[in-house]
Amino acid sequence: MRRGEGRGGAAGKAALEAGHGGDQAPRVPEQEQQQQQQRNGASPLRRRPDPAGIGIGIGGGGAADRRSTESEVYDDGTNTFFWEAHTLTVLFILTCTLGYVTLLEETPQDTAYNTKRGIVASILVFLCFGVTQAKDGPFSRPHPAYWRFWLCVSVVYELFLIFILFQTVHDGRQFMKFIDPNLGVPLPERDYGGNCLIYDPDNRTDPFHNIWDKLDGFVPAHFLGWYLKTLMIRDWWMCMIISVMFECLEYSLEHQLPNFSECWWDHWIMDVILCNGLGIYCGMKTLGWLSLKTYKWQGLWNIPTYKGKMKRIAFQFTPYSWVKFEWKPASSLRRWLAVCGIIFIFLLAELNTFYLKFVLWMPPEHYLVLLRLVFYVNVGGVAMREIYDFMDDPKFHKKLGQQAWLVAAITATEFLIVVKYDPYTLTLSLPFYITQCWILGIILVLTWTVWRFFIRDITLRYKEIRRQKQEHKYEQDKDKCLINGDGHTILTDEHTENKLEEKKL
């Protein structure tokens, strides 16, 4: 939905008028009110909730339509050139560009070059169509077109993965040479574990050289990654569970990939406590600030001061409104399965990062690896919001969001590529003690699930039915005693004794 489509909202105006003594003022027709606002040169701020959370709200609706975790939004409804849909402009520029290439440029006689150029042009045309015509998601800042762009990039990336999936292993690896001629070459073997001594007495020059060797560019990348993941998930417990479980997966799979072979202090001190823990802490602090922030928006030209204009430009890159995520996994079986599925998808996407590099022969420092991480950062937040809406409000959100659907499909396709390109590595059997640990963990989770959502609910339901029957029986006996005129005290004492026995049980 374009920004201009959600700016009507007579209910929002009425709510604000009520807060300023609107009960005594006569109602003004909407058209006359707009003319009066134009004569005054500005429009009063309208208070309305944003059902999309960090997205553009639907005009109208009062506080009763907003969930308790959503913030209120004050917006003056200013629509500028920046927020208008430029469908005809984009179409005109695109047609002129294609006409220039067709009529004025001479086509080179290089088949490989023309193939690459044609593929790139096709992708750009599809992105232009998607940015102007695709459906809006839940986010609107800095601009809805930005999130429509990443939605279309998701489609292109999924199609690329499917193309790679249908190639042979040799052809798929050699196809990467069309993207970068340096790819398509087997990776050299590296020793990632090495010496794990924190203090090395044999090295008198620098006994802490093992620590300094680990402090590379991946340390700030770990911190920044978990800071952004916290902003996506918005829950401390889920972030810590994913962080600890991934380190356990690295322990379990280090016999398959050498990247996972790290020192114990690298796993738990540098990763879990310092990088991941500090990133999660800073992310939670940012979430606290965003939940307390006042979301009051005015048009840039309606702000009189230069400082206010600069502040408004900076806040354009912050959320339009805020929704606090309350996952509540133990409240119902549906939410419990949804949270478990989210954790599983997160862990699988993390593992795909390492396995894809291994099977497609991409070095860790290659720019394609970085671009994939940037892609997941931009689409992950939208996907998490759509999953939360689908789980928390299924009556309004009756189907899974488009970005969440694509992220799940991309993660599954990446895993299938890994399975096809190197099944030998994936089928390397786990050590026996690791297998025992995972079986024990799975049994504990399944046992708790059965007890929490089946046995416990059946027990509580049985107790409630028994209590209702006893109260109904007591009421019938009481009515009989009142009719007969005797025995009321005895029945009351018997009922009290029954209550005490139930409490003891």
# chains A, B, ... in the order shown; residues from 1 in each chain; ligands from 1
call {"tool": "residues_around", "arguments": {"residues": "Ile269 in chain A", "least_positions_apart": "6", "cutoff": "12 Å", "atoms": "only C-alpha atoms", "output": "ChimeraX atom specification"}}
result
/A:198,211,214,219,244,247,262-263,275-278
call {"tool": "residues_around", "arguments": {"residues": "Leu183 in chain A", "least_positions_apart": "4", "cutoff": "9 Å", "atoms": "only C-alpha atoms", "output": "list in words"}}
result
Arg173, Gln174, Phe175, Met176, Lys177, Phe178, Ile179, Leu360, Trp361, Met362 and Pro363 of chain A
call {"tool": "write_last_selection", "arguments": {"atoms": "N, CA, C and O atoms", "output": "mmCIF file, in the first residue's frame"}}
result
data_model
loop_
_atom_site.group_PDB
_atom_site.id
_atom_site.type_symbol
_atom_site.label_atom_id
_atom_site.label_comp_id
_atom_site.auth_asym_id
_atom_site.auth_seq_id
_atom_site.Cartn_x
_atom_site.Cartn_y
_atom_site.Cartn_z
ATOM 1 N N ARG A 173 29.492 -25.480 -10.175
ATOM 2 C CA ARG A 173 30.694 -24.800 -9.661
ATOM 3 C C ARG A 173 31.377 -23.972 -10.739
ATOM 4 O O ARG A 173 31.883 -22.880 -10.464
ATOM 5 N N GLN A 174 31.397 -24.488 -11.954
ATOM 6 C CA GLN A 174 32.023 -23.729 -13.034
ATOM 7 C C GLN A 174 31.159 -22.547 -13.469
ATOM 8 O O GLN A 174 31.679 -21.564 -14.024
ATOM 9 N N PHE A 175 29.845 -22.622 -13.243
ATOM 10 C CA PHE A 175 28.984 -21.489 -13.573
ATOM 11 C C PHE A 175 29.332 -20.262 -12.734
ATOM 12 O O PHE A 175 29.112 -19.126 -13.179
ATOM 13 N N MET A 176 29.862 -20.484 -11.538
ATOM 14 C CA MET A 176 30.246 -19.352 -10.693
ATOM 15 C C MET A 176 31.350 -18.520 -11.332
ATOM 16 O O MET A 176 31.542 -17.359 -10.962
ATOM 17 N N LYS A 177 32.071 -19.088 -12.302
ATOM 18 C CA LYS A 177 33.092 -18.316 -13.007
ATOM 19 C C LYS A 177 32.486 -17.191 -13.830
ATOM 20 O O LYS A 177 33.152 -16.176 -14.100
ATOM 21 N N PHE A 178 31.226 -17.330 -14.269
ATOM 22 C CA PHE A 178 30.580 -16.247 -15.003
ATOM 23 C C PHE A 178 30.343 -15.044 -14.095
ATOM 24 O O PHE A 178 30.262 -13.915 -14.578
ATOM 25 N N ILE A 179 30.205 -15.282 -12.785
ATOM 26 C CA ILE A 179 30.043 -14.182 -11.841
ATOM 27 C C ILE A 179 31.401 -13.605 -11.456
ATOM 28 O O ILE A 179 31.591 -12.396 -11.415
ATOM 29 N N LEU A 360 30.340 -24.764 -2.921
ATOM 30 C CA LEU A 360 30.471 -23.952 -4.137
ATOM 31 C C LEU A 360 31.861 -23.351 -4.293
ATOM 32 O O LEU A 360 32.079 -22.557 -5.220
ATOM 33 N N TRP A 361 32.777 -23.710 -3.410
ATOM 34 C CA TRP A 361 34.179 -23.284 -3.499
ATOM 35 C C TRP A 361 34.302 -21.754 -3.465
ATOM 36 O O TRP A 361 34.935 -21.138 -4.326
ATOM 37 N N MET A 362 33.702 -21.151 -2.465
ATOM 38 C CA MET A 362 33.818 -19.698 -2.297
ATOM 39 C C MET A 362 34.631 -19.416 -1.037
ATOM 40 O O MET A 362 34.286 -19.911 0.047
ATOM 41 N N PRO A 363 35.692 -18.640 -1.117
ATOM 42 C CA PRO A 363 36.470 -18.304 0.081
ATOM 43 C C PRO A 363 35.649 -17.445 1.038
ATOM 44 O O PRO A 363 34.739 -16.713 0.609
#
call {"tool": "closest_residue", "arguments": {"among": "A:Leu124, A:Ile162, A:Leu224, A:Val377", "to": "Glu414 in chain A", "atoms": "only C-alpha atoms"}}
result
A:Ile162
call {"tool": "atom_distance", "arguments": {"atom1": "CA of Asp393 in chain A", "atom2": "CA of Arg461 in chain A"}}
result
25.6 Å
call {"tool": "select_by_dssp", "arguments": {"residues": "range 243-466 of chain A", "states": "helix (DSSP H, G or I)", "output": "number ranges by chain"}}
result
A: 243-253, 258-260, 264-292, 300-302, 306-315, 333-359, 367-392, 402-421, 423-426, 432-466
call {"tool": "atom_distance", "arguments": {"atom1": "CA of Tyr295 in chain A", "atom2": "CA of Tyr281 in chain A"}}
result
23.7 Å
call {"tool": "closest_residue", "arguments": {"among": "A:Ile164, A:Lys473, A:Leu300, A:Thr427", "to": "Leu356 in chain A", "atoms": "only C-alpha atoms"}}
result
A:Ile164
